[in-house]
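Novice: Handing over coords.cif, mmCIF, C-alpha atoms and all ligand atoms.
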```cif
data_final
loop_
_atom_site.label_atom_id
_atom_site.label_comp_id
_atom_site.auth_asym_id
_atom_site.auth_seq_id
_atom_site.Cartn_x
_atom_site.Cartn_y
_atom_site.Cartn_z
CA MET A 1 254.60 130.70 42.22
CA SER A 2 257.26 132.96 43.63
CA VAL A 3 256.78 136.73 43.69
CA GLN A 4 259.72 139.09 43.52
CA ILE A 5 259.43 142.77 44.27
CA LYS A 6 262.63 144.58 43.26
CA ASN A 7 263.37 148.19 44.26
CA VAL A 8 259.77 149.12 43.64
CA GLU A 9 258.77 152.75 44.07
CA LYS A 10 255.47 154.55 43.65
CA SER A 11 254.77 158.25 43.64
CA PHE A 12 251.46 160.01 43.33
CA GLY A 13 252.47 163.42 41.99
CA ALA A 14 255.20 164.69 44.28
CA LEU A 15 254.29 162.25 47.05
CA LYS A 16 256.43 159.12 47.19
CA VAL A 17 254.33 156.52 49.01
CA VAL A 18 256.45 153.40 48.31
CA LYS A 19 260.17 154.02 48.63
CA GLY A 20 262.18 151.24 47.09
CA VAL A 21 260.69 148.03 48.45
CA SER A 22 262.45 144.72 47.74
CA VAL A 23 261.44 141.24 48.82
CA ASP A 24 261.50 137.70 47.41
CA ILE A 25 258.37 135.75 48.34
CA ALA A 26 258.76 132.00 47.95
CA ASP A 27 256.36 129.68 46.15
CA GLY A 28 253.63 128.71 48.62
CA GLU A 29 254.67 131.28 51.23
CA PHE A 30 252.12 133.17 53.33
CA PHE A 31 253.57 136.68 53.35
CA VAL A 32 251.98 139.45 55.41
CA MET A 33 252.49 143.19 54.99
CA LEU A 34 251.77 144.78 58.35
CA GLY A 35 251.74 148.46 59.19
CA PRO A 36 249.66 151.47 60.20
CA SER A 37 247.24 153.25 57.90
CA GLY A 38 248.94 155.06 55.03
CA CYS A 39 252.28 153.20 55.14
CA GLY A 40 251.91 151.95 51.55
CA LYS A 41 250.71 148.37 52.05
CA THR A 42 247.72 148.62 49.72
CA THR A 43 249.68 150.47 47.05
CA THR A 44 252.37 147.76 47.11
CA LEU A 45 249.73 145.04 46.84
CA ARG A 46 247.99 146.87 43.97
CA MET A 47 251.29 147.01 42.09
CA VAL A 48 251.69 143.24 42.44
CA ALA A 49 248.14 142.89 41.14
CA GLY A 50 248.80 145.22 38.22
CA LEU A 51 246.20 147.76 39.33
CA GLU A 52 248.92 150.40 39.76
CA LEU A 53 252.07 150.89 37.72
CA PRO A 54 255.30 151.28 39.71
CA THR A 55 257.18 154.54 39.20
CA ALA A 56 260.40 152.50 39.34
CA GLY A 57 261.46 148.91 39.93
CA GLU A 58 260.32 145.50 38.80
CA ILE A 59 257.76 142.84 39.76
CA ARG A 60 258.24 139.18 38.83
CA ILE A 61 255.73 136.38 39.24
CA GLY A 62 257.10 132.87 38.79
CA GLY A 63 260.34 134.44 37.54
CA ARG A 64 258.56 136.33 34.71
CA ASP A 65 258.72 140.12 34.58
CA VAL A 66 255.08 141.27 34.85
CA THR A 67 255.74 144.90 35.78
CA TYR A 68 253.84 146.23 32.77
CA GLU A 69 251.48 143.31 32.26
CA GLU A 70 247.70 143.55 32.54
CA PRO A 71 246.18 142.18 35.79
CA ARG A 72 244.29 139.45 33.90
CA HIS A 73 247.53 138.01 32.55
CA ARG A 74 249.12 137.62 35.98
CA ASP A 75 247.29 134.48 37.22
CA ILE A 76 246.44 136.13 40.54
CA ALA A 77 243.25 136.39 42.56
CA MET A 78 242.31 139.16 44.94
CA ALA A 79 239.97 139.51 47.90
CA PHE A 80 239.18 142.78 49.62
CA GLN A 81 237.39 143.77 52.77
CA ASP A 82 234.26 144.97 50.95
CA TYR A 83 233.78 141.58 49.24
CA GLY A 84 232.51 143.10 45.98
CA LEU A 85 229.77 140.50 45.57
CA TYR A 86 227.04 141.06 42.98
CA PRO A 87 223.81 141.45 44.98
CA HIS A 88 221.49 140.33 42.16
CA LEU A 89 223.36 137.06 41.54
CA SER A 90 223.01 133.92 43.64
CA LEU A 91 226.08 132.77 45.54
CA ARG A 92 226.61 130.19 42.81
CA GLY A 93 226.42 132.96 40.21
CA ASN A 94 228.93 135.03 42.15
CA ILE A 95 231.40 132.21 42.63
CA GLU A 96 231.28 131.00 39.04
CA PHE A 97 231.53 134.52 37.61
CA PRO A 98 235.32 134.51 37.04
CA LEU A 99 235.00 131.15 35.25
CA LYS A 100 232.09 132.37 33.12
CA VAL A 101 233.96 135.43 31.86
CA ARG A 102 236.78 133.11 30.85
CA GLY A 103 234.40 130.92 28.88
CA VAL A 104 234.70 127.80 31.03
CA PRO A 105 231.93 125.32 30.01
CA GLU A 106 228.96 124.93 32.34
CA ALA A 107 229.61 121.36 33.53
CA GLU A 108 233.16 122.25 34.54
CA ARG A 109 231.96 125.41 36.25
CA ARG A 110 229.47 123.43 38.27
CA THR A 111 232.08 120.93 39.48
CA LYS A 112 234.55 123.65 40.40
CA VAL A 113 232.00 125.79 42.23
CA GLU A 114 230.79 122.81 44.22
CA SER A 115 234.28 121.74 45.15
CA VAL A 116 235.33 125.19 46.42
CA ALA A 117 231.96 125.74 48.14
CA GLN A 118 232.46 122.50 50.01
CA LYS A 119 235.92 123.58 51.17
CA MET A 120 234.45 126.85 52.42
CA GLY A 121 231.45 125.17 54.10
CA ILE A 122 228.84 127.07 52.05
CA SER A 123 227.47 124.28 49.78
CA HIS A 124 224.01 124.54 51.35
CA LEU A 125 223.77 128.27 50.59
CA LEU A 126 224.55 128.34 46.88
CA ASP A 127 221.04 129.33 45.76
CA ARG A 128 220.79 132.27 48.13
CA LYS A 129 221.64 135.88 47.32
CA PRO A 130 224.40 137.81 49.17
CA GLY A 131 221.74 139.79 51.06
CA GLN A 132 220.38 136.60 52.61
CA ILE A 133 223.54 135.42 54.38
CA SER A 134 225.69 136.59 57.30
CA GLY A 135 228.89 138.65 57.11
CA GLY A 136 231.09 135.64 57.74
CA GLN A 137 229.32 133.69 55.03
CA ARG A 138 229.72 136.59 52.60
CA GLN A 139 233.41 136.56 53.40
CA ARG A 140 233.57 132.86 52.58
CA VAL A 141 231.77 133.46 49.28
CA ALA A 142 234.27 136.17 48.36
CA LEU A 143 237.14 133.78 49.13
CA ALA A 144 235.48 130.99 47.18
CA ARG A 145 235.08 133.27 44.18
CA ALA A 146 238.75 134.27 44.38
CA LEU A 147 239.93 130.67 44.69
CA VAL A 148 237.65 128.98 42.16
CA ARG A 149 240.08 129.66 39.31
CA ASN A 150 242.89 127.98 41.22
CA PRO A 151 245.18 131.02 41.02
CA ARG A 152 248.91 130.71 41.64
CA VAL A 153 249.05 133.87 43.73
CA PHE A 154 246.39 135.12 46.11
CA LEU A 155 246.32 138.76 47.25
CA MET A 156 244.22 139.80 50.22
CA ASP A 157 243.73 143.34 51.53
CA GLU A 158 242.28 143.47 55.06
CA PRO A 159 239.76 140.75 54.14
CA LEU A 160 238.54 140.33 57.72
CA SER A 161 238.25 143.90 58.92
CA ALA A 162 234.47 144.06 58.47
CA LEU A 163 233.89 141.04 60.74
CA ASP A 164 233.40 140.96 64.50
CA ALA A 165 236.26 139.78 66.71
CA LYS A 166 235.06 136.21 67.13
CA LEU A 167 234.38 135.62 63.46
CA ARG A 168 237.71 137.23 62.59
CA ALA A 169 239.49 134.69 64.75
CA THR A 170 237.66 131.76 63.12
CA MET A 171 238.14 133.06 59.60
CA ARG A 172 241.84 133.68 60.03
CA THR A 173 242.36 130.04 60.99
CA GLU A 174 240.22 128.94 58.04
CA ILE A 175 242.02 131.10 55.51
CA LYS A 176 245.41 129.98 56.75
CA LYS A 177 244.37 126.32 56.59
CA LEU A 178 242.88 126.67 53.14
CA VAL A 179 245.76 128.46 51.42
CA THR A 180 248.28 126.15 53.10
CA GLU A 181 246.35 123.12 51.81
CA LEU A 182 246.09 124.62 48.34
CA LYS A 183 249.78 125.69 48.48
CA ILE A 184 248.94 129.11 47.05
CA THR A 185 251.48 131.89 47.43
CA THR A 186 249.59 134.48 49.47
CA ILE A 187 250.27 138.15 50.10
CA TYR A 188 248.07 139.48 52.86
CA VAL A 189 247.72 143.09 53.97
CA THR A 190 246.64 143.98 57.49
CA HIS A 191 247.19 146.49 60.27
CA ASP A 192 246.30 143.83 62.86
CA GLN A 193 249.39 142.34 64.49
CA ILE A 194 247.51 139.30 65.80
CA GLU A 195 246.39 138.44 62.27
CA ALA A 196 249.93 138.91 61.03
CA MET A 197 251.50 136.86 63.82
CA SER A 198 249.03 134.00 63.61
CA MET A 199 248.92 133.62 59.82
CA ALA A 200 252.28 134.61 58.37
CA ASP A 201 255.28 132.54 57.39
CA ARG A 202 257.02 135.90 57.19
CA ILE A 203 255.92 139.41 58.05
CA ALA A 204 257.13 142.67 56.55
CA VAL A 205 256.53 145.55 58.94
CA MET A 206 255.99 148.68 56.86
CA LYS A 207 256.42 152.31 57.79
CA ASP A 208 256.31 155.39 55.55
CA GLY A 209 256.64 153.42 52.32
CA ASP A 210 259.48 151.16 53.49
CA MET A 211 259.65 147.58 54.69
CA VAL A 212 261.54 148.25 57.92
CA GLN A 213 261.94 144.60 58.95
CA ILE A 214 261.14 141.30 57.24
CA ALA A 215 261.16 138.24 59.50
CA SER A 216 259.21 135.24 60.73
CA PRO A 217 256.60 136.08 63.39
CA LEU A 218 258.67 134.70 66.25
CA GLU A 219 261.86 136.34 65.10
CA MET A 220 260.01 139.63 64.72
CA TYR A 221 258.68 139.27 68.26
CA GLU A 222 261.93 138.17 69.82
CA ARG A 223 264.29 140.42 67.86
CA PRO A 224 262.57 143.62 66.80
CA GLN A 225 265.29 145.71 65.20
CA THR A 226 263.72 149.10 65.76
CA LYS A 227 261.53 150.84 68.30
CA PHE A 228 258.74 151.05 65.73
CA VAL A 229 258.65 147.27 65.25
CA ALA A 230 259.06 146.60 68.99
CA GLU A 231 256.04 148.77 69.74
CA PHE A 232 253.94 147.55 66.83
CA ILE A 233 254.25 143.85 67.68
CA GLY A 234 253.24 142.45 71.05
CA SER A 235 250.58 143.58 73.49
CA PRO A 236 251.22 144.93 76.05
CA ALA A 237 254.16 146.49 74.26
CA MET A 238 257.83 145.83 74.94
CA ASN A 239 259.38 147.91 77.71
CA LEU A 240 261.90 150.23 76.04
CA LEU A 241 264.39 152.31 78.01
CA PRO A 242 266.48 154.95 76.25
CA ALA A 243 270.12 153.90 76.19
CA ARG A 244 273.38 155.58 75.22
CA ALA A 245 276.72 154.19 74.11
CA ARG A 246 279.57 154.61 76.64
CA PRO A 247 283.17 155.22 75.59
CA ASP A 248 284.07 151.65 76.65
CA GLY A 249 281.61 150.22 74.12
CA ARG A 250 278.99 149.19 76.71
CA MET A 251 275.62 150.92 77.04
CA ALA A 252 274.32 153.27 79.72
CA CYS A 253 270.68 153.49 80.71
CA ASP A 254 268.59 155.25 83.38
CA LEU A 255 268.05 151.87 84.99
CA PRO A 256 271.77 150.98 85.13
CA VAL A 257 271.21 147.36 86.08
CA LEU A 258 269.61 146.70 82.66
CA ALA A 259 272.71 148.00 80.90
CA GLU A 260 274.85 145.79 83.13
CA LEU A 261 272.74 142.72 82.44
CA LEU A 262 272.56 143.31 78.66
CA PRO A 263 274.41 140.33 77.14
CA ASP A 264 277.54 141.33 75.18
CA ALA A 265 276.18 139.60 72.12
CA GLU A 266 273.31 142.12 71.98
CA LEU A 267 275.74 144.91 71.20
CA THR A 268 276.44 143.30 67.85
CA ALA A 269 273.25 141.29 67.26
CA ASN A 270 271.07 144.08 65.89
CA PRO A 271 272.24 145.03 62.40
CA VAL A 272 270.57 148.43 62.58
CA ALA A 273 271.64 149.29 66.13
CA PRO A 274 275.39 149.65 66.27
CA ALA A 275 276.27 150.80 69.76
CA LYS A 276 276.88 154.38 68.64
CA MET A 277 273.33 155.02 67.49
CA ALA A 278 270.48 156.21 69.64
CA ALA A 279 269.00 153.02 70.97
CA TYR A 280 266.80 151.42 73.58
CA ILE A 281 267.23 148.52 75.92
CA GLY A 282 264.11 146.43 75.50
CA ILE A 283 262.49 143.70 77.55
CA ARG A 284 259.16 142.03 76.84
CA PRO A 285 256.71 142.26 79.79
CA GLU A 286 256.61 138.48 80.28
CA HIS A 287 260.36 138.44 80.87
CA LEU A 288 260.02 140.43 84.07
CA SER A 289 259.00 138.51 87.17
CA LEU A 290 258.05 139.70 90.62
CA VAL A 291 259.90 138.56 93.73
CA GLU A 292 257.67 139.09 96.74
CA GLY A 293 259.47 139.15 100.07
CA GLY A 294 262.86 137.97 98.76
CA GLU A 295 264.01 141.36 97.44
CA GLY A 296 267.60 140.18 97.79
CA GLN A 297 267.18 137.95 94.75
CA ALA A 298 265.74 140.74 92.61
CA ASP A 299 267.58 142.77 89.98
CA PHE A 300 265.85 146.00 90.97
CA GLU A 301 263.00 147.30 93.10
CA ALA A 302 259.80 148.93 91.93
CA VAL A 303 256.52 150.25 93.28
CA VAL A 304 253.35 148.66 91.94
CA ASP A 305 251.21 151.30 90.26
CA LEU A 306 248.29 149.19 89.02
CA VAL A 307 247.32 145.53 88.81
CA GLU A 308 245.12 144.32 85.93
CA PRO A 309 244.03 140.69 86.36
CA LEU A 310 243.02 139.33 82.94
CA GLY A 311 242.28 135.78 84.04
CA GLN A 312 245.04 133.79 82.43
CA THR A 313 247.68 136.44 83.06
CA THR A 314 247.98 139.64 85.05
CA ASN A 315 249.39 142.98 83.87
CA VAL A 316 251.37 144.68 86.62
CA TYR A 317 252.32 148.33 85.99
CA LEU A 318 255.49 149.30 87.83
CA ASN A 319 257.21 152.57 88.68
CA VAL A 320 260.95 152.60 89.12
CA GLY A 321 261.50 156.23 90.05
CA ASP A 322 260.33 158.08 86.92
CA ILE A 323 260.51 154.99 84.74
CA ARG A 324 257.30 153.12 83.99
CA MET A 325 257.42 149.44 83.10
CA ILE A 326 254.92 146.68 82.68
CA ALA A 327 255.25 143.07 83.74
CA VAL A 328 252.97 140.24 82.63
CA VAL A 329 252.83 137.54 85.29
CA ASP A 330 250.59 134.64 86.28
CA ARG A 331 248.29 135.19 89.25
CA THR A 332 249.80 137.51 91.84
CA ARG A 333 248.82 138.89 95.21
CA VAL A 334 250.71 142.15 94.84
CA GLN A 335 248.69 145.33 95.17
CA ALA A 336 248.98 148.93 94.07
CA GLY A 337 251.36 150.88 96.28
CA GLN A 338 253.38 147.84 97.31
CA ARG A 339 257.16 147.68 96.88
CA VAL A 340 258.29 144.59 94.97
CA GLY A 341 261.51 143.10 93.73
CA VAL A 342 261.72 142.60 89.95
CA LYS A 343 263.79 139.92 88.28
CA VAL A 344 264.89 140.22 84.65
CA ARG A 345 265.25 137.30 82.28
CA ARG A 346 268.69 138.35 81.20
CA GLU A 347 268.90 136.47 77.91
CA ALA A 348 265.68 138.18 76.78
CA LEU A 349 267.16 141.69 77.07
CA ARG A 350 267.53 143.34 73.65
CA LEU A 351 269.26 146.31 72.15
CA VAL A 352 266.74 148.00 69.85
CA ALA A 353 267.55 150.83 67.39
CA ALA A 354 265.63 154.09 67.63
P1 LIG B 1 245.41 151.77 54.73
O1 LIG B 1 245.58 150.66 55.72
O2 LIG B 1 244.79 153.00 55.31
O3 LIG B 1 244.79 151.33 53.43
P2 LIG B 1 247.98 151.59 53.46
O4 LIG B 1 249.17 151.29 54.25
O5 LIG B 1 247.39 150.49 52.68
O6 LIG B 1 246.89 152.26 54.37
P3 LIG B 1 248.08 153.01 50.98
O7 LIG B 1 246.63 152.86 50.71
O8 LIG B 1 249.05 152.23 50.19
O9 LIG B 1 248.39 152.79 52.52
O10 LIG B 1 248.43 154.55 50.83
C1 LIG B 1 249.72 155.08 51.02
C2 LIG B 1 249.69 156.58 50.80
O11 LIG B 1 249.42 156.85 49.44
C3 LIG B 1 248.62 157.30 51.60
O12 LIG B 1 249.18 158.51 52.07
C4 LIG B 1 247.54 157.56 50.57
O13 LIG B 1 246.83 158.72 50.90
C5 LIG B 1 248.33 157.73 49.30
N1 LIG B 1 247.58 157.31 48.10
C6 LIG B 1 247.09 156.07 47.85
N2 LIG B 1 246.49 156.02 46.64
C7 LIG B 1 246.58 157.26 46.11
C8 LIG B 1 246.17 157.86 44.86
N3 LIG B 1 245.51 157.16 43.93
N4 LIG B 1 246.45 159.16 44.69
C9 LIG B 1 247.13 159.88 45.61
N5 LIG B 1 247.56 159.37 46.80
C10 LIG B 1 247.29 158.09 47.05
#
```
Please, can you express the file's structure as structure tokens?

Specialist:
Amino acid sequence: MSVQIKNVEKSFGALKVVKGVSVDIADGEFFVMLGPSGCGKTTTLRMVAGLELPTAGEIRIGGRDVTYEEPRHRDIAMAFQDYGLYPHLSLRGNIEFPLKVRGVPEAERRTKVESVAQKMGISHLLDRKPGQISGGQRQRVALARALVRNPRVFLMDEPLSALDAKLRATMRTEIKKLVTELKITTIYVTHDQIEAMSMADRIAVMKDGDMVQIASPLEMYERPQTKFVAEFIGSPAMNLLPARARPDGRMACDLPVLAELLPDAELTANPVAPAKMAAYIGIRPEHLSLVEGGEGQADFEAVVDLVEPLGQTTNVYLNVGDIRMIAVVDRTRVQAGQRVGVKVRREALRLVAA
């Protein structure tokens, strides 16, 4: 089912923590709210769930206004980072709980629990208690319990944050596969950009109670509209050089060659960065390449400050006068202290709003 959030606001006393958020989430979409701690992600999710009332605005699920409806009438399921499993119940007891409270007969419960347990790969554990399984398995049980009712909308708040890095990576693939197969509209809250990038159909980057940009992962990566988004997505972060508008409509920048190379189309491409605003010229680290020896072909020269070989790629920190930049290249023989030529992938240069 589709979910519409229309001009939704939430204040706690005098503090406005969600400031007029609007988004239409399509049926079956995997939508991720991404942002730093305190930006209002959880509060927005809780309003969709019906656990908080909006101070203003409207929430629709499947076209129906549910703004003031009880959570249990919304046909949604939720999973949180702390699982909320009942320790005294077996895994079977935990998973069938939402069916039991709805009075589903035992035979039907059994079939449903077994089907979802099989999907989650926990069929062999159903008679154990939550204390007798691993963290990743507990996470699967929590998901199974949320999904057993076959909800139309699935809300998840940092469901993987208690897991170690390896398990997180496995579980994010599993969750994505599962909800895509089940075609459940999913709203997923995280502060982890890798989770957001790898799972989302669309991401909303949130800051101070606003959705500052809503886009597909690739679009968000390739066309961040503001400095905040540019720095939040991508690691190492995008190189951003302060830029100013010139009277002739072009930009000026402390590394003038970047302003010269900036494609004309960039001056109009960013809806929130008209040339008059404070802005940055941005280039992702992988769009800088090093030209050893043939400095003539380079766009500018730099001194290598530090080389970090990571195996597959190498981070090369560069100083261009006072400006620090980072390039991500394949293997390289350059060393700290060396002068190198740097070539810019011109079509990847971006104008980014402050
Ligand atoms: P986190 O990742 O840390 O959970 P978040 O982006 O999900 O952050 P929210 O939990 O939505 O952020 O909180 C947004 C702001 O609202 C925070 O400043 C928080 O302190 C405040 N807040 C949340 N719930 C309440 C409440 N019940 N009463 C007062 N303030 C609250």

Novice: Could you give me the residues within 9 Å of ligand LIG 1 (chain B), counting all atoms listed in the file, as a PyMOL selection string?

Specialist: chain A and resi 10-13+15-18+33-46+52+157-158+189-191+206-209

Novice: As a tab-separated table (two decimals) with C-alpha atoms, in the coordinates of the input, please: the residues near region 232-241 of chain A (cut-off 7 Å, only C-alpha atoms, same-chain neighbours under 4 positions excluded).

Specialist:
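In the end it all went to out.tsv:
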```
chain	number	residue	atom	x	y	z
A	193	GLN	CA	249.39	142.34	64.49
A	221	TYR	CA	258.68	139.27	68.26
A	228	PHE	CA	258.74	151.05	65.73
A	253	CYS	CA	270.68	153.49	80.71
A	280	TYR	CA	266.80	151.42	73.58
A	281	ILE	CA	267.23	148.52	75.92
A	282	GLY	CA	264.11	146.43	75.50
A	283	ILE	CA	262.49	143.70	77.55
A	284	ARG	CA	259.16	142.03	76.84
A	285	PRO	CA	256.71	142.26	79.79
A	325	MET	CA	257.42	149.44	83.10
A	326	ILE	CA	254.92	146.68	82.68
```

Novice: Considering all atoms listed in the file, return as a compact mmCIF listing (two decimals) with C-alpha atoms, in the frame of the given file whatever protein or nucleic-acid residues lie within 9 Å of Arg223 (chain A), sequence-local ones (same chain, fewer than 2 positions apart) excluded.

Specialist:
```txt
# COMPACT_ATOMS: atom_id res chain seq x y z
CA LEU A 218 258.67 134.70 66.25
CA GLU A 219 261.86 136.34 65.10
CA MET A 220 260.01 139.63 64.72
CA TYR A 221 258.68 139.27 68.26
CA GLN A 225 265.29 145.71 65.20
CA THR A 226 263.72 149.10 65.76
CA ALA A 230 259.06 146.60 68.99
CA ASN A 270 271.07 144.08 65.89
CA ARG A 350 267.53 143.34 73.65
CA LEU A 351 269.26 146.31 72.15
CA VAL A 352 266.74 148.00 69.85
```

Novice: So what do you get for CA of Arg152 (chain A) versus CA of Gly63 (chain A), distance-wise?

Specialist: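 Here the two named atoms are 12.7 Å from each other.
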
Novice: What lies within 7 Å of Ala302 (chain A) using all atoms listed in the file, ignoring chain neighbours under 6 positions off, as a PyMOL selection string?

Specialist: chain A and resi 318-320+339-342

Novice: Write out as a list in words which residues come within 9 Å of Glu58 (chain A) when counting all atoms listed in the file, dropping same-chain ones fewer than 5 positions away.

Specialist: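 These residues fall inside the cut-off: Gln4, Ile5, Lys6, Asn7, Val8, Asp65, Val66, Thr67 and Tyr68 of chain A.
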
Novice: Work out how far CA of Asp201 (chain A) is from CA of Val113 (chain A), in Å to one decimal.

Specialist: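 Answer for the CA of Val113 (chain A) to CA of Asp201 (chain A) separation: 28.6 Å.
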
Novice: Could you list, as JSON, numbers by chain, every residue within 12 Å of Ala162 (chain A), counting all atoms listed in the file and ignoring same-chain residues fewer than 2 positions away?

Specialist: {"A": [80, 81, 82, 83, 134, 135, 136, 138, 139, 157, 158, 159, 160, 164, 165, 166, 167, 168, 171]}
